[in-house]
Structure formats: structure tokens, C-alpha cells
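Asks: After the C-alpha cells below, expect a handful of questions from me.
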Amino acid sequence: MPFLCLKDMSYKLVFLFLFFYVVVSTPPEDPINCSSQNTSCTVTNSYGIFPDRTTCHASEVLYPTNEAELVSMVASASKNKRKMKVATRFSHSIPKLVCPEGQNGVLISTKYLNKVLKIDLEARTMTVESGVTLKQIINEASNAGLALPYAPYWWGLTIGGLMGTGAHGSTLWGKGSSVHDYVVELRIVRPSGPEENEYATVLTLNEYHEDFNAAKVSLGVLGVISQITLKLEPLFKRSITYLTKDDSDLGDKAASFGHEHEFADITWYPSQHKAVYRVDDRVPINTSGNGLYDFIPFRPTSSFELALIRSAEDLQESTNDANGKCLLAKTTTATLITTAYGLTNNGAFFTGYPVIGFQNRLQSSGTCLNSLKDGKFTACPWDSRIKGEFFHQTTFSISLSFVKDFIQDVQKLVQLEPKGMCGIEQYNGILMRYVKASSAYLGKQEDAIDFDITYYRNKDPMTPRLYEDIIEEIEQLGIFKYGGIPHWGKNRNLAFEGVIKKYKSARKFFMVKEVYDPQGLFSSEWTDQMLGLKEGVTILKDGCALEGLCICSQDSHCNPNKGYFCRPGKVYKEAKVCTHQ
């Protein structure tokens, strides 16, 4: 297909697939694959690849269906001193949190720990097993006239998984947007010696136990959470309006906007000088409206269309076609804004703002998961079995007191390279969500804004991206200059360099870890590196900076054969980035 023809078709397809979608889709592949029943296994994430592109092995996978079976499995592995890791149904974390150490470890999947155990209407609580999905929680709560007040926007997460990594929605109100801060009790199965109940112990923790703050966000290194009790609220309604504005005063407005609206967030398109403000608040329950949020990038999408869009993106990268990337970014942005990002006033059509509806219909989505097998004719856009999206994700929280300075530094980069962030805007810009300081030892340390950035990744790890240096500088600006805390379930290796020093209660967490799992059976080389217990979170080799495995310190960490060399940043001079010369 001629170059211009492919580009033109890609813009039309972006418009078409954002406007229309089918209602069936191929469900994601199970992240665990075994060569012989449940033995000789490999495990990956929902994107089919880890940041370092390695394959994780396990000798076997176990599928408990209740707490008693789980205790028996942990006890057996503990008795035999076998390494263990917990796996979830969709394995949505980007880093290697699911990987057991070596080749002889055991995976314990929560796939069948998927039952809602109890709903207490008087206490407004719900008790679930740890493999229950966010979608299940939202639906079961609403059926009982209750609601989880804040949640991630993607419902394909299990409650155990999202607790383990501190996943969140967006608010500065109440206890904040982290789901773990609405957990009032949990049960955890940890290893023990023969003197303690046959090599495994079940503990019930709540806010009156100091260990509770370690277990609420634990990266899975304390044991296996079996049950969780959430504090809910009476079901309520929300009113949502998206306002598109110039970003010239974004630095001044960003911090205060989160205090003005309960469910506020901002989507920022720096190269287009646009910021889309989500004005989102509760309204009286009798307010008219039955709106639905079916976020367009989370809908099932034609595999054929995804392949053509990816081919166009690959071509733009290989030919250094910055103009093409910017045009595709503007097309994507304009279409999403026109279609209200997937909001409808009645579940079918968007007729105008505000969109008013019940909490359970607006708080989270992910219809590409609700599917029958259709031979991969449609799929989630990032499904690794098709030629679709393939990306890096950099996500960090910056204290509200530093947000203005960070935003202004990014805007300085845009002034220097006006097209340098079009690649980010092809993936819907920078999502800015509000988070509040948490009591969890490994939770958010301050009230902050979480900056979520998704961008192109080449299938060849040695091939630099167009404007490679710009995104690397933003990453280093946020994480190192402004002390941003990386999301535990996202990010490339370099983001976790020295991260544990940013947690004031890290020592308390390690004390609990030593008591719960003194042999480190639920730890791995990767979690030890993330937590600063071992060296090696970054990997020095040729091309390592291109994949975020390191910060470049010499030209070979980039790719001098393709004209990319290690140089200081343009705005943040202490940054070391791969620059095309």
C-alpha cells in the first residue's frame, strides 16, 4: 500500500473505530500457559511482555477455590521451602511482580477465588474473595443499593491485585481515591513453621492492627490475601461535563481543581496546548438521567483496524514523520472529545452535557473483557495475540506543591520541540488523576496528582522512538527532579531506582515482612530489587535506555549506529537522555 494511502486510511480508521464498535470481542488470553496440564508453566502480563522482555517460568500453577485449599497449598510450599507468587485472572501489572524466582517456583492463581461472600446492608460492607474483579464488586454493590465510592477506571482488575499495587481512581475528597483505603478488614495466608498451624497461618487484620497498614499495599510479598471487606456507601448519582480549555494556566489551576470537584481529573494534550477538565460531582439521587460511561479505548476493537493503525504508526516512526504523528494525534483527540470519550446520556447516545447517571454506570468500564470468542476478529486494543497497541507506560504521583513547576517544565520542553509530544497524544495524552496521602506504608505519601503517560514501543528493543529524548526527560523530571512516586503496577525499571527511600514508613513495612515471611518465600529477585533490598533494578547493556532499563551514562546505552547518543536534557540538565544527532 502506498505511504500516503496508508496514512490517509489510518486517520479515517481512527475516526471510525472511535465512533463505532461491536458488542462481542475475543477475551484476553490467560496469562499462565503450561506445557503439561498445570506444570512447566510460563506467566506473563496482559500485554504479553515485561519491561525487560524476559520470560518468567514456574514449575506449576495451583488454583484454590476456597480459603481452606489456599491454606493447604501455602503450607505445602512452605514446608518444602518453595518460592511462591500470586497470579490474577488478567495479570494487569506491567512490572514482573507475578514472577517467582528461578524455574522451580509455584504460582497460586486467584482465578477461582471469585465469590462475593457477604453483603451487610446495615454496616454497608461487602466481603469478597481476593480474585473478585472490580466489575463484580461494582455490579453486586449496585444490586444491593450500594456503591464503592472511588475506583480505577479500568474494571479488569481483581481486588487483590489492585490492593497489591495501590491502584486508585481520582479524588482529593474523603479518604482519597485509593481502593485500599476503603478496606476495613482482610484475611491473609502467610507461611509459618511447623509450630504454627502446619506451615501456614491465617490472620485477620483490620484498622486496629498495626500490620494492617503493611498488608493494604504489599506487592504480594507478605503472603496471599484470601478475603477482603470493603466499606461502601449508599448508591448515588453523578453529573459529568468535560470542558476543553487552553493549557496556558494549567499549572495554576491543576492543584485547586481537584478540591473543587469530587471526581475531577484532567486530560492534557501538551503539543496541542489543550487541557480537558472533568467537572464531575454528586447530584441528588432523584436527578433525572441514566448515563453510561463506556470509555472508547476500553471497548472491543476490530483487529483489522488496529493492525492498520499500528502499521501507520510504525511507518511514521521509521520515516521520522513527526507531521504524520501530530495529525493522527489531533484526529484521535478531536474524535474522543466529540464523542465525550464514550459517555452517553441514556446508554446509547450522547446528546450533550451534563451526563447524569448512577455511580455504578459511570465509575469504571472495560467492555472489551465482556466477550465471547470471535476468533480474534475483535479484541482489547493491546491484546498481544494481534497486531495492535504496543506501548510503554510511565506513571508517577507528584506532590501538589510541585505540580505547577513540573507542568511548566513540560511546557518549556514543548516550546523547544513543538511536535515532541504528539506521540503521547496518539495514546490520549497525559491523564492527571488526584490521589490523597494514605496510611498504607507503601501507599501514597502526600496529596498529589498522578501523571499517567502511555507511548509507542518498538517491537525491536534497539530501535529508538521519534523524540526519544523528550519522553525520557519528562520521565526523569517527574521521578527524580520532583520526587515523583512511581505506580507500583506500571512503569519501566528506571522508575524504581531508589524508590523505597521515598516511603517514610518503609522500615515498618520491612519489620512486618520479616515476621510474616522470614524465609522470603513470597519474595523474588525483582521485588527485592524494587524494594531496595538487592541491587540490579536497572540493567546496564547496549540500548538499555531505549527500553527504560537504565538511565544512559554512555552512548552505547542508546544506539549510536542509528544516530542516538547520551546527552543532557534540554530543560532538566541533570537528566541523561538518548538524543538524535
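The chains in the C-alpha cells are called A, B, ... from first to last as shown; in each chain the residues are counted from 1, and the ligands are counted from 1 in the order shown.
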Could you find all residues in region 277-456 of chain A that DSSP calls strand (DSSP E or B) from the backbone, and write them as number ranges by chain?
Replies: A: 277-283, 292-293, 301-302, 343-344, 355-358, 365, 378-379, 391-399, 430-435, 448-456
Asks: Could you pull the residues within 6 Å of region 154-171 of chain A, counting only C-alpha atoms, minus those fewer than 6 positions along the same chain, as a PyMOL selection string?
Replies: chain A and resi 130-135+177-180+217-220+262-263+364-366+433-435+488-489
Asks: Can you pull out the residues contacting Ala340 (chain A)? Cut-off 10 Å, using only C-alpha atoms, and skip same-chain residues under 6 positions away; I want them as a list in words.
Replies: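 Surrounding residues, per the criterion: Ile240, Thr241, Tyr242, Tyr293, Phe295, Ile296, Ala334, Phe350, Thr351, Gly352, Tyr353 and Val355 of chain A.
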Asks: Pick out the closest residue to His557 (chain A) from this set: A:Ile137, A:Met462, A:Val74, A:Ile500. Count only C-alpha atoms.
Replies: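 Using only C-alpha atoms, the shortest distance to His557 (chain A) belongs to A:Met462.
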Asks: Give me, as a list in words, all polymer residues having an atom no more than 9 Å from Gly423 (chain A), counting only C-alpha atoms and skipping those fewer than 3 positions away in the same chain.
Replies: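 Everything that qualifies: Ala322, Lys325, Cys326, Ala329, Lys419, Gly420, Gln426, Tyr427, Gly429, Thr454, Tyr455, Tyr456, Leu466 and Tyr467 of chain A.
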Asks: Taking into account only C-alpha atoms, which residue in the set A:Glu547, A:Asp469, A:Asp517, A:Glu313 is nearest to Gln393 (chain A)?
Replies: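 Closest to Gln393 (chain A) of all the choices is A:Glu547.
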Asks: When you count only C-alpha atoms, which of these residues is closest to Gln519 (chain A): A:His487, A:Gly193, A:Ser46, A:Ile119?
Replies: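 The shortest atom-to-atom distance to Gln519 (chain A) comes from A:Gly193.
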Asks: With only C-alpha atoms as the counted atoms, please give the residues lying no more than 6 Å from Ser397 (chain A), apart from itself and same-chain residues fewer than 5 positions off, as a ChimeraX atom specification.
Replies: /A:448-450,484-485
Asks: Compile the contact shell of Lys175 (chain A) as number ranges by chain: residues with an atom at most 9 Å away, counting only C-alpha atoms, same-chain residues fewer than 3 positions apart removed.
Replies: A: 171-172, 178, 181-182, 436-438
Asks: Name the closest residue to Lys541 (chain A) among the candidates A:Ser399, A:Glu210, A:Asp52, A:Ser40; distances are taken between atoms, counting only C-alpha atoms.
Replies: A:Asp52
Asks: So how many Å separate CA of Tyr482 (chain A) and CA of Phe402 (chain A), to one decimal?
Replies: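 It comes out at 6.6 Å.
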Asks: Please compute the CA of Pro234 (chain A)-CA of Thr367 (chain A) distance, one decimal, in Å.
Replies: 25.0 Å
Asks: Nearest to Gly105 (chain A): which of A:Ala215, A:Ile266, A:Leu521, A:Leu431 is it, counting only C-alpha atoms?
Replies: A:Leu521
Asks: Neighbours of Leu203 (chain A) within 9 Å (only C-alpha atoms; same-chain residues fewer than 4 positions away dropped), as a list in words?
Replies: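 Contacts, with the query itself left out: Leu186, Arg187, Ile188, Val189 and Arg190 of chain A.
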